[in-house]
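Below: work03.cif (mmCIF, C-alpha atoms)
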```
data_input
loop_
_atom_site.label_atom_id
_atom_site.label_comp_id
_atom_site.auth_asym_id
_atom_site.auth_seq_id
_atom_site.Cartn_x
_atom_site.Cartn_y
_atom_site.Cartn_z
CA MET R 14 -174.31 85.25 -152.05
CA LYS R 15 -171.94 84.23 -154.82
CA ILE R 16 -172.68 80.83 -156.35
CA SER R 17 -170.54 78.83 -158.78
CA LEU R 18 -172.65 76.95 -161.31
CA ILE R 19 -170.61 74.47 -163.35
CA LEU R 20 -172.13 72.56 -166.27
CA GLY R 21 -170.57 69.72 -168.27
CA HIS R 22 -172.64 68.57 -171.26
CA PRO R 23 -171.82 68.89 -174.97
CA ASN R 24 -175.30 69.62 -176.34
CA GLN R 25 -176.70 73.13 -175.90
CA ASN R 26 -180.27 71.80 -176.08
CA SER R 27 -179.70 69.01 -173.54
CA PHE R 28 -181.80 68.51 -170.44
CA ASN R 29 -178.63 69.26 -168.48
CA HIS R 30 -178.61 72.72 -170.03
CA ALA R 31 -182.27 73.13 -169.09
CA ILE R 32 -181.43 72.20 -165.47
CA ALA R 33 -178.54 74.66 -165.38
CA GLY R 34 -180.73 77.36 -166.93
CA VAL R 35 -183.43 76.96 -164.27
CA ALA R 36 -180.82 76.89 -161.49
CA LYS R 37 -179.24 80.10 -162.83
CA GLU R 38 -182.58 81.92 -163.15
CA THR R 39 -183.64 80.85 -159.68
CA LEU R 40 -180.37 81.96 -158.10
CA GLU R 41 -180.59 85.35 -159.81
CA LYS R 42 -184.26 85.76 -158.89
CA ASN R 43 -183.21 85.20 -155.28
CA GLY R 44 -180.64 87.97 -155.49
CA HIS R 45 -177.47 85.87 -155.79
CA SER R 46 -174.69 86.51 -158.24
CA VAL R 47 -173.71 83.51 -160.34
CA TYR R 48 -170.33 82.41 -161.68
CA TYR R 49 -171.78 80.42 -164.57
CA HIS R 50 -169.55 78.08 -166.56
CA ASP R 51 -170.77 75.97 -169.43
CA LEU R 52 -167.45 74.16 -169.79
CA TYR R 53 -168.10 72.87 -173.32
CA ARG R 54 -169.15 76.31 -174.55
CA GLU R 55 -165.98 77.80 -173.02
CA LYS R 56 -163.85 75.05 -174.57
CA PHE R 57 -162.35 74.36 -171.15
CA ASP R 58 -159.12 72.35 -171.44
CA PRO R 59 -159.43 69.53 -168.90
CA VAL R 60 -155.89 68.17 -169.17
CA LEU R 61 -153.88 69.03 -166.03
CA PRO R 62 -150.27 69.48 -167.16
CA GLY R 63 -147.49 68.17 -164.92
CA SER R 64 -146.23 71.72 -164.50
CA GLU R 65 -149.44 72.65 -162.64
CA ILE R 66 -149.10 69.96 -159.98
CA PRO R 67 -146.79 71.84 -157.55
CA GLN R 68 -148.77 74.05 -155.18
CA ASP R 69 -146.73 77.13 -156.16
CA ALA R 70 -146.98 76.44 -159.91
CA HIS R 71 -147.42 79.23 -162.41
CA LEU R 72 -151.03 79.18 -163.61
CA ASP R 73 -152.41 80.76 -166.74
CA ALA R 74 -154.94 83.58 -166.37
CA THR R 75 -157.94 81.35 -167.18
CA ILE R 76 -157.18 78.81 -164.47
CA LYS R 77 -156.31 81.58 -161.99
CA ASN R 78 -159.72 83.09 -162.61
CA TYR R 79 -161.53 79.76 -162.06
CA CYS R 80 -159.56 79.32 -158.83
CA ARG R 81 -160.40 82.83 -157.61
CA GLU R 82 -164.09 82.29 -158.31
CA ILE R 83 -164.35 78.95 -156.53
CA SER R 84 -162.53 80.45 -153.54
CA ASN R 85 -164.99 83.35 -153.46
CA SER R 86 -168.08 81.17 -153.81
CA ASP R 87 -170.55 80.81 -150.95
CA GLY R 88 -172.23 77.90 -152.71
CA ILE R 89 -171.66 75.49 -155.60
CA ILE R 90 -173.99 73.83 -158.08
CA ILE R 91 -172.72 71.10 -160.42
CA VAL R 92 -174.76 69.76 -163.37
CA HIS R 93 -173.74 66.81 -165.54
CA PRO R 94 -174.84 63.49 -167.03
CA ASN R 95 -173.76 60.15 -165.57
CA TRP R 96 -171.08 58.88 -167.96
CA TRP R 97 -169.57 55.63 -166.69
CA GLY R 98 -170.43 56.47 -163.06
CA GLN R 99 -168.35 59.64 -163.41
CA PRO R 100 -168.61 63.15 -164.79
CA PRO R 101 -167.67 63.80 -168.44
CA ALA R 102 -163.91 64.27 -168.83
CA ILE R 103 -164.28 68.03 -169.31
CA LEU R 104 -165.79 68.37 -165.83
CA LYS R 105 -163.34 65.88 -164.28
CA GLY R 106 -160.60 68.13 -165.61
CA TRP R 107 -162.21 71.19 -163.98
CA VAL R 108 -161.88 69.28 -160.69
CA ASP R 109 -158.28 68.28 -161.48
CA ARG R 110 -157.17 71.80 -162.42
CA VAL R 111 -159.32 74.17 -160.34
CA LEU R 112 -159.73 72.37 -157.00
CA ARG R 113 -156.00 72.72 -156.39
CA ALA R 114 -153.90 72.34 -153.27
CA GLY R 115 -153.74 75.79 -151.71
CA VAL R 116 -157.06 76.76 -153.29
CA ALA R 117 -159.52 74.04 -152.34
CA TYR R 118 -157.58 72.14 -149.66
CA LYS R 119 -154.22 71.99 -147.94
CA PHE R 120 -152.20 69.59 -145.87
CA GLN R 121 -150.76 70.31 -142.43
CA GLU R 122 -147.32 71.96 -142.33
CA ASN R 123 -145.50 68.84 -141.10
CA ASP R 124 -147.34 66.52 -143.47
CA SER R 125 -145.51 65.19 -146.51
CA GLY R 126 -148.72 64.90 -148.49
CA GLU R 127 -150.17 61.56 -147.43
CA GLY R 128 -152.21 62.77 -144.46
CA ILE R 129 -155.46 64.41 -143.59
CA PRO R 130 -156.41 67.42 -145.72
CA LEU R 131 -157.91 70.63 -144.48
CA GLY R 132 -160.74 71.92 -146.70
CA LEU R 133 -160.27 75.53 -147.80
CA LEU R 134 -163.46 76.29 -149.72
CA LYS R 135 -165.73 78.70 -147.88
CA ALA R 136 -168.82 77.43 -149.72
CA GLY R 137 -171.11 75.90 -147.12
CA THR R 138 -173.43 74.10 -149.50
CA ALA R 139 -173.11 72.20 -152.77
CA LEU R 140 -175.86 70.80 -154.97
CA VAL R 141 -175.23 68.21 -157.68
CA PHE R 142 -177.83 67.53 -160.38
CA ASN R 143 -177.23 64.47 -162.55
CA THR R 144 -179.07 62.80 -165.40
CA SER R 145 -179.03 59.10 -166.09
CA ASN R 146 -180.47 56.42 -168.35
CA THR R 147 -179.89 53.63 -165.85
CA PRO R 148 -182.88 52.42 -163.77
CA GLU R 149 -182.45 53.11 -160.05
CA VAL R 150 -182.44 49.47 -158.91
CA ARG R 151 -179.76 48.54 -161.44
CA GLU R 152 -177.74 51.65 -160.58
CA LEU R 153 -177.69 50.74 -156.88
CA GLU R 154 -177.27 46.98 -157.25
CA VAL R 155 -174.79 46.75 -160.12
CA PHE R 156 -172.89 50.04 -160.06
CA GLY R 157 -173.33 51.25 -156.46
CA ASP R 158 -174.09 54.84 -157.57
CA PRO R 159 -170.45 55.97 -157.44
CA LEU R 160 -171.33 59.61 -158.19
CA GLU R 161 -172.72 60.01 -154.68
CA LYS R 162 -169.44 59.16 -152.95
CA LEU R 163 -167.30 60.87 -155.59
CA TRP R 164 -168.93 64.27 -155.22
CA LYS R 165 -169.86 64.06 -151.54
CA ASP R 166 -166.83 62.44 -149.92
CA CYS R 167 -163.97 62.39 -152.41
CA ILE R 168 -164.39 65.97 -153.63
CA LEU R 169 -166.70 68.36 -151.78
CA ASN R 170 -166.31 67.25 -148.18
CA PHE R 171 -162.56 66.94 -148.83
CA CYS R 172 -162.56 70.63 -149.77
CA GLY R 173 -164.54 71.65 -146.68
CA VAL R 174 -168.08 71.85 -148.06
CA LYS R 175 -170.34 70.64 -145.26
CA THR R 176 -173.86 70.55 -146.72
CA PHE R 177 -174.42 68.34 -149.74
CA TYR R 178 -177.53 67.49 -151.71
CA ARG R 179 -177.63 65.49 -154.90
CA LYS R 180 -180.42 64.44 -157.23
CA MET R 181 -180.17 62.06 -160.17
CA PHE R 182 -182.97 62.52 -162.70
CA ARG R 183 -183.84 59.35 -164.63
CA ILE R 184 -184.69 57.87 -167.16
CA ILE R 185 -183.89 60.78 -169.48
CA VAL R 186 -183.99 58.96 -172.81
CA THR R 187 -187.61 57.86 -172.40
CA SER R 188 -188.90 60.84 -170.38
CA THR R 189 -191.89 62.91 -171.55
CA GLN R 190 -192.00 66.70 -171.78
CA HIS R 191 -194.41 66.66 -168.84
CA GLN R 192 -191.99 64.65 -166.71
CA ARG R 193 -189.14 66.98 -167.63
CA SER R 194 -191.14 70.05 -166.67
CA LEU R 195 -191.86 68.47 -163.27
CA TRP R 196 -188.13 67.77 -162.84
CA LEU R 197 -187.26 71.37 -163.69
CA LYS R 198 -189.84 72.50 -161.11
CA GLU R 199 -188.01 70.28 -158.61
CA VAL R 200 -184.68 71.92 -159.53
CA GLU R 201 -186.24 75.34 -158.88
CA GLU R 202 -187.60 74.22 -155.50
CA THR R 203 -184.28 72.68 -154.50
CA VAL R 204 -182.37 75.85 -155.36
CA ASN R 205 -184.95 77.90 -153.46
CA THR R 206 -184.53 75.65 -150.43
CA TYR R 207 -180.72 75.76 -150.31
CA PHE R 208 -180.11 79.24 -151.72
CA PRO R 209 -183.17 81.29 -150.73
CA VAL R 210 -183.53 85.04 -150.82
CA PRO R 211 -181.13 86.24 -148.09
CA ALA R 212 -182.93 87.16 -144.85
CA ASP R 213 -181.95 90.83 -145.04
CA LEU R 214 -183.49 91.13 -148.50
CA SER R 215 -186.64 89.13 -147.90
CA GLN R 216 -188.29 91.49 -145.41
CA MET E 23 -152.09 37.91 -177.79
CA LYS E 24 -152.75 41.60 -178.44
CA ILE E 25 -152.84 43.72 -175.30
CA SER E 26 -153.91 47.37 -174.96
CA LEU E 27 -151.81 49.24 -172.39
CA ILE E 28 -153.23 52.68 -171.58
CA LEU E 29 -151.36 55.14 -169.36
CA GLY E 30 -152.61 58.45 -167.97
CA HIS E 31 -149.98 60.46 -166.08
CA PRO E 32 -148.43 63.81 -167.04
CA ASN E 33 -144.86 63.22 -165.86
CA GLN E 34 -142.59 61.05 -167.99
CA ASN E 35 -140.48 60.14 -164.95
CA SER E 36 -143.46 59.22 -162.77
CA PHE E 37 -143.84 55.90 -160.99
CA ASN E 38 -146.88 55.36 -163.21
CA HIS E 39 -144.56 55.46 -166.21
CA ALA E 40 -142.27 52.97 -164.49
CA ILE E 41 -145.22 50.63 -163.93
CA ALA E 42 -146.31 50.93 -167.56
CA GLY E 43 -142.73 50.37 -168.71
CA VAL E 44 -142.41 47.13 -166.73
CA ALA E 45 -145.84 45.96 -167.91
CA LYS E 46 -144.89 46.62 -171.54
CA GLU E 47 -141.52 44.84 -171.26
CA THR E 48 -143.10 41.84 -169.55
CA LEU E 49 -145.84 41.54 -172.16
CA GLU E 50 -143.32 41.71 -174.99
CA LYS E 51 -141.00 39.24 -173.27
CA ASN E 52 -143.95 36.84 -173.12
CA GLY E 53 -144.51 37.16 -176.86
CA HIS E 54 -147.53 39.48 -176.85
CA SER E 55 -147.92 42.50 -179.07
CA VAL E 56 -148.78 45.69 -177.25
CA TYR E 57 -150.96 48.64 -178.24
CA TYR E 58 -149.20 51.14 -175.99
CA HIS E 59 -150.73 54.56 -175.39
CA ASP E 60 -149.18 57.18 -173.15
CA LEU E 61 -152.15 59.50 -173.48
CA TYR E 62 -150.31 62.63 -172.29
CA ARG E 63 -147.44 62.03 -174.67
CA GLU E 64 -149.90 61.57 -177.53
CA LYS E 65 -151.79 64.73 -176.49
CA PHE E 66 -155.02 62.75 -176.51
CA ASP E 67 -158.05 65.06 -176.62
CA PRO E 68 -160.41 63.76 -173.91
CA VAL E 69 -163.41 65.96 -174.71
CA LEU E 70 -166.20 63.90 -176.30
CA PRO E 71 -168.01 66.23 -178.70
CA GLY E 72 -171.80 66.01 -178.97
CA SER E 73 -171.42 64.96 -182.61
CA GLU E 74 -169.71 61.72 -181.51
CA ILE E 75 -172.56 60.57 -179.26
CA PRO E 76 -174.74 58.85 -181.92
CA GLN E 77 -173.67 55.28 -182.54
CA ASP E 78 -173.28 55.90 -186.29
CA ALA E 79 -171.37 59.16 -185.83
CA HIS E 80 -168.51 60.12 -188.09
CA LEU E 81 -165.25 59.59 -186.18
CA ASP E 82 -161.88 61.09 -186.94
CA ALA E 83 -159.06 58.73 -187.93
CA THR E 84 -157.39 58.89 -184.48
CA ILE E 85 -160.50 57.82 -182.59
CA LYS E 86 -161.30 55.17 -185.20
CA ASN E 87 -157.86 53.70 -184.65
CA TYR E 88 -158.26 53.62 -180.85
CA CYS E 89 -161.62 51.90 -181.33
CA ARG E 90 -160.19 49.32 -183.74
CA GLU E 91 -157.36 48.53 -181.32
CA ILE E 92 -159.56 48.07 -178.27
CA SER E 93 -161.88 45.84 -180.31
CA ASN E 94 -158.89 43.73 -181.38
CA SER E 95 -157.40 43.44 -177.90
CA ASP E 96 -157.31 40.11 -176.08
CA GLY E 97 -156.38 41.88 -172.83
CA ILE E 98 -156.27 45.37 -171.33
CA ILE E 99 -153.93 47.04 -168.84
CA ILE E 100 -154.74 50.48 -167.41
CA VAL E 101 -152.24 52.56 -165.39
CA HIS E 102 -153.06 55.83 -163.62
CA PRO E 103 -152.85 57.73 -160.35
CA ASN E 104 -155.86 58.14 -158.06
CA TRP E 105 -157.03 61.70 -158.62
CA TRP E 106 -160.20 62.42 -156.63
CA GLY E 107 -161.20 58.74 -156.61
CA GLN E 108 -161.16 58.80 -160.41
CA PRO E 109 -158.72 58.63 -163.30
CA PRO E 110 -157.15 61.85 -164.60
CA ALA E 111 -159.45 63.62 -167.07
CA ILE E 112 -157.33 62.57 -170.05
CA LEU E 113 -157.98 58.90 -169.26
CA LYS E 114 -161.65 59.50 -168.40
CA GLY E 115 -161.94 61.01 -171.87
CA TRP E 116 -160.37 57.92 -173.44
CA VAL E 117 -163.21 55.94 -171.81
CA ASP E 118 -165.81 58.49 -172.98
CA ARG E 119 -164.60 58.53 -176.61
CA VAL E 120 -163.17 55.05 -177.26
CA LEU E 121 -165.46 52.70 -175.31
CA ARG E 122 -168.34 53.68 -177.57
CA ALA E 123 -171.72 52.07 -178.19
CA GLY E 124 -171.21 49.66 -181.07
CA VAL E 125 -167.53 49.22 -180.18
CA ALA E 126 -167.45 48.30 -176.48
CA TYR E 127 -171.12 47.55 -175.77
CA LYS E 128 -174.55 47.60 -177.39
CA PHE E 129 -178.14 47.56 -176.31
CA GLN E 130 -180.75 45.05 -177.50
CA GLU E 131 -182.60 45.85 -180.73
CA ASN E 132 -185.90 46.67 -179.05
CA ASP E 133 -184.29 48.67 -176.25
CA SER E 134 -184.54 52.44 -176.33
CA GLY E 135 -181.29 52.85 -174.46
CA GLU E 136 -182.24 52.44 -170.82
CA GLY E 137 -181.83 48.69 -170.55
CA ILE E 138 -179.25 46.02 -170.07
CA PRO E 139 -176.12 46.39 -172.19
CA LEU E 140 -174.31 43.62 -173.99
CA GLY E 141 -170.52 43.80 -173.67
CA LEU E 142 -168.72 43.69 -177.03
CA LEU E 143 -165.04 43.67 -176.07
CA LYS E 144 -163.37 40.33 -176.72
CA ALA E 145 -160.67 41.00 -174.09
CA GLY E 146 -161.08 38.37 -171.40
CA THR E 147 -158.88 40.00 -168.78
CA ALA E 148 -158.15 43.52 -167.60
CA LEU E 149 -155.56 44.68 -165.08
CA VAL E 150 -155.64 48.11 -163.44
CA PHE E 151 -152.59 49.52 -161.66
CA ASN E 152 -153.14 52.64 -159.56
CA THR E 153 -150.98 54.82 -157.36
CA SER E 154 -152.21 56.69 -154.33
CA ASN E 155 -151.09 58.91 -151.46
CA THR E 156 -154.05 58.00 -149.27
CA PRO E 157 -153.54 55.42 -146.50
CA GLU E 158 -155.59 52.25 -147.05
CA VAL E 159 -157.78 52.54 -143.94
CA ARG E 160 -158.71 56.13 -144.79
CA GLU E 161 -159.33 55.17 -148.43
CA LEU E 162 -161.76 52.44 -147.44
CA GLU E 163 -163.47 54.22 -144.55
CA VAL E 164 -163.79 57.75 -145.91
CA PHE E 165 -163.79 57.38 -149.68
CA GLY E 166 -164.91 53.76 -150.22
CA ASP E 167 -162.24 53.14 -152.88
CA PRO E 168 -164.46 54.19 -155.80
CA LEU E 169 -161.87 53.19 -158.41
CA GLU E 170 -162.61 49.52 -157.75
CA LYS E 171 -166.27 49.74 -158.71
CA LEU E 172 -165.65 52.28 -161.49
CA TRP E 173 -163.23 50.10 -163.40
CA LYS E 174 -164.64 46.69 -162.48
CA ASP E 175 -168.41 47.19 -162.65
CA CYS E 176 -169.13 50.51 -164.35
CA ILE E 177 -166.65 50.11 -167.20
CA LEU E 178 -164.96 46.75 -167.81
CA ASN E 179 -167.67 44.29 -166.86
CA PHE E 180 -170.17 46.54 -168.66
CA CYS E 181 -168.08 46.05 -171.81
CA GLY E 182 -167.90 42.27 -171.38
CA VAL E 183 -164.49 41.84 -169.72
CA LYS E 184 -164.90 38.96 -167.29
CA THR E 185 -161.60 38.72 -165.39
CA PHE E 186 -160.50 41.77 -163.46
CA TYR E 187 -157.54 42.40 -161.18
CA ARG E 188 -156.58 45.73 -159.67
CA LYS E 189 -153.74 46.83 -157.43
CA MET E 190 -153.36 50.23 -155.78
CA PHE E 191 -149.76 50.99 -154.81
CA ARG E 192 -149.44 53.33 -151.83
CA ILE E 193 -148.07 55.62 -150.31
CA ILE E 194 -146.14 56.88 -153.33
CA VAL E 195 -145.04 60.26 -151.99
CA THR E 196 -143.11 58.76 -149.06
CA SER E 197 -142.01 55.50 -150.70
CA THR E 198 -138.35 54.49 -150.90
CA GLN E 199 -136.52 53.32 -154.01
CA HIS E 200 -136.39 49.86 -152.46
CA GLN E 201 -140.16 49.79 -151.96
CA ARG E 202 -140.70 50.96 -155.51
CA SER E 203 -138.48 48.26 -156.92
CA LEU E 204 -140.49 45.65 -154.98
CA TRP E 205 -143.69 47.11 -156.39
CA LEU E 206 -142.32 46.94 -159.93
CA LYS E 207 -141.42 43.30 -159.30
CA GLU E 208 -145.02 42.76 -158.28
CA VAL E 209 -146.22 44.37 -161.52
CA GLU E 210 -144.01 41.98 -163.48
CA GLU E 211 -145.33 38.97 -161.56
CA THR E 212 -148.94 40.08 -162.02
CA VAL E 213 -148.50 40.51 -165.77
CA ASN E 214 -146.78 37.11 -165.94
CA THR E 215 -149.71 35.54 -164.10
CA TYR E 216 -152.47 37.02 -166.25
CA PHE E 217 -150.65 37.25 -169.59
CA PRO E 218 -148.10 34.42 -169.56
CA VAL E 219 -146.21 33.04 -172.50
CA PRO E 220 -148.92 31.37 -174.64
CA ALA E 221 -148.99 27.58 -174.18
CA ASP E 222 -148.03 26.86 -177.80
CA LEU E 223 -144.89 28.99 -177.43
CA SER E 224 -143.78 27.85 -173.99
CA GLN E 225 -142.89 24.27 -174.88
#
```
Full structure transcribed into structure tokens:
Amino acid sequence: MKISLILGHPNQNSFNHAIAGVAKETLEKNGHSVYYHDLYREKFDPVLPGSEIPQDAHLDATIKNYCREISNSDGIIIVHPNWWGQPPAILKGWVDRVLRAGVAYKFQENDSGEGIPLGLLKAGTALVFNTSNTPEVRELEVFGDPLEKLWKDCILNFCGVKTFYRKMFRIIVTSTQHQRSLWLKEVEETVNTYFPVPADLSQ
Amino acid sequence: MKISLILGHPNQNSFNHAIAGVAKETLEKNGHSVYYHDLYREKFDPVLPGSEIPQDAHLDATIKNYCREISNSDGIIIVHPNWWGQPPAILKGWVDRVLRAGVAYKFQENDSGEGIPLGLLKAGTALVFNTSNTPEVRELEVFGDPLEKLWKDCILNFCGVKTFYRKMFRIIVTSTQHQRSLWLKEVEETVNTYFPVPADLSQ
């Protein structure tokens, strides 16, 4: 299968990068090909220009390529820290620019844009790995864990992705090396569960 | 009073720009001074670099100025469309870069970063005006209106802003000129309510 793996964190030695690295290795070990994008490393420009809003807009080659890849993906993995209950701006801009009308969703012919969308992504499964420095009780009671609804309902289900699993690792800032290695083991197991060796290769 | 007015929409002739224009006029009519930022027009760079994460990081003059203004503001008005239950990336990046530790919030001395923040903004009131093409019932039932919690709890209350009012105007794409003019009237009334002529000037 083809899997898009999208990472949004500025520091190359971050735990987010470690998560993405383990996810990439595990996918490749299982025989999948990976569209890997470290958005900071690629200097992705997250600012959607007005000219890109129309569905038939002219897109530059970079954005066209991102769109082609996400359309071709059988699965999606997103990795980012919790910044203000949202992804970092660079990753929000990937959503704004790449998950376009006509690529990731469309509206019915007789709909003027305010109605029910039809998801266009063929990816059946998406995993989201987040990191956080907010204790779980406080996250749920004070902030309501907005990342869950954002990724699950507002973005991925909207685009037609049916199976969704998300894990928030916490507390990063005070975590030990041992704890982090257990978390990376969990990432590996999760990727193995959702994107195993395809049946025709595993015999 | 000094009011920060932050706008995130790519099209200069958008209804978002009309909202921001009315808000600015009303504030000025009432004797307030306005820090007005049309982030697209200013080509604001929303990508927080890793080097800016430490609280004592070196900041460029542009970011320093945004930080100084938000610290000086007695009130805040935010205007943006609902893109995926979140602000456009350019505005998310303003949050990431400007509402910094040491500027907008801080943690206790003996806290290693995972604890309870202390809001530092002196602004007592924030207004958020959003536009949307999603019907209200669908917004509440399917998406849970994440913008409410994001701005109120995850961002503004976190930074110490106590009074919060938000209005989502909908459905923009099918709205008439008459409806839009009523909405702009409502913006004016809301700004008059929360940021009236100061008592010492109104006699």
Would you write out, as a ChimeraX atom specification, every residue that the PyMOL selection byres ((chain E) within 7 of (chain R)) captures in this file?
/E:32-33,68-69,71-72,106-107,111-112,114-115,135-136,155-156,164-165,168,171-172,175-177,193,195
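The smallest atom-to-atom distance between Met23 in chain E and any of E:Val209, E:Ala83, E:Val56, E:Val44, using all atoms listed in the file, is found for E:Val56.
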Evaluate the PyMOL selection byres ((chain E and resi 60) around 9) on the structure here and hand back the selected residues as a tab-separated table (two decimals) with C-alpha atoms, in the frame of the given file.
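Just written: out-v3.tsv:
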```tsv
chain	number	residue	atom	x	y	z
E	27	LEU	CA	-151.81	49.24	-172.39
E	28	ILE	CA	-153.23	52.68	-171.58
E	29	LEU	CA	-151.36	55.14	-169.36
E	30	GLY	CA	-152.61	58.45	-167.97
E	31	HIS	CA	-149.98	60.46	-166.08
E	39	HIS	CA	-144.56	55.46	-166.21
E	42	ALA	CA	-146.31	50.93	-167.56
E	58	TYR	CA	-149.20	51.14	-175.99
E	59	HIS	CA	-150.73	54.56	-175.39
E	61	LEU	CA	-152.15	59.50	-173.48
E	62	TYR	CA	-150.31	62.63	-172.29
E	63	ARG	CA	-147.44	62.03	-174.67
E	64	GLU	CA	-149.90	61.57	-177.53
E	65	LYS	CA	-151.79	64.73	-176.49
E	66	PHE	CA	-155.02	62.75	-176.51
```
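The shortest atom-to-atom distance to Val183 in chain E, with all atoms listed in the file taken into account, belongs to E:Tyr127 out of E:Tyr127, E:Trp205, E:Tyr88, E:Tyr57.
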Using the chain letters and numbers from the file, which residues does the PyMOL selection byres ((chain R and resi 138) around 10) grab, as a list in words?
Ile16, Ser86, Asp87, Gly88, Ile89, Ile90, Lys135, Ala136, Gly137, Ala139, Leu140, Leu169, Asn170, Gly173, Val174, Lys175, Thr176, Phe177, Tyr178, Tyr207 and Phe208 of chain R
Is it possible to get the axis-aligned box enclosing range 31-34 of chain R (all listed atoms, 8 Å extra per side) as JSON, with centre and edge lengths in Å rounded to one decimal?
```
{"center_x": -180.4, "center_y": 74.8, "center_z": -167.2, "size_x": 19.7, "size_y": 21.2, "size_z": 19.7}
```
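What separates CA of Arg202 in chain E from CA of Leu49 in chain E is a distance of 19.8 Å.
One finds CA of Lys77 in chain R at 25.3 Å from CA of Gly34 in chain R.
Nearest to Val116 in chain R of all the residues R:Gln68, R:Gln192, R:Asn205, R:Asn143 is R:Gln68, based on only C-alpha atoms.
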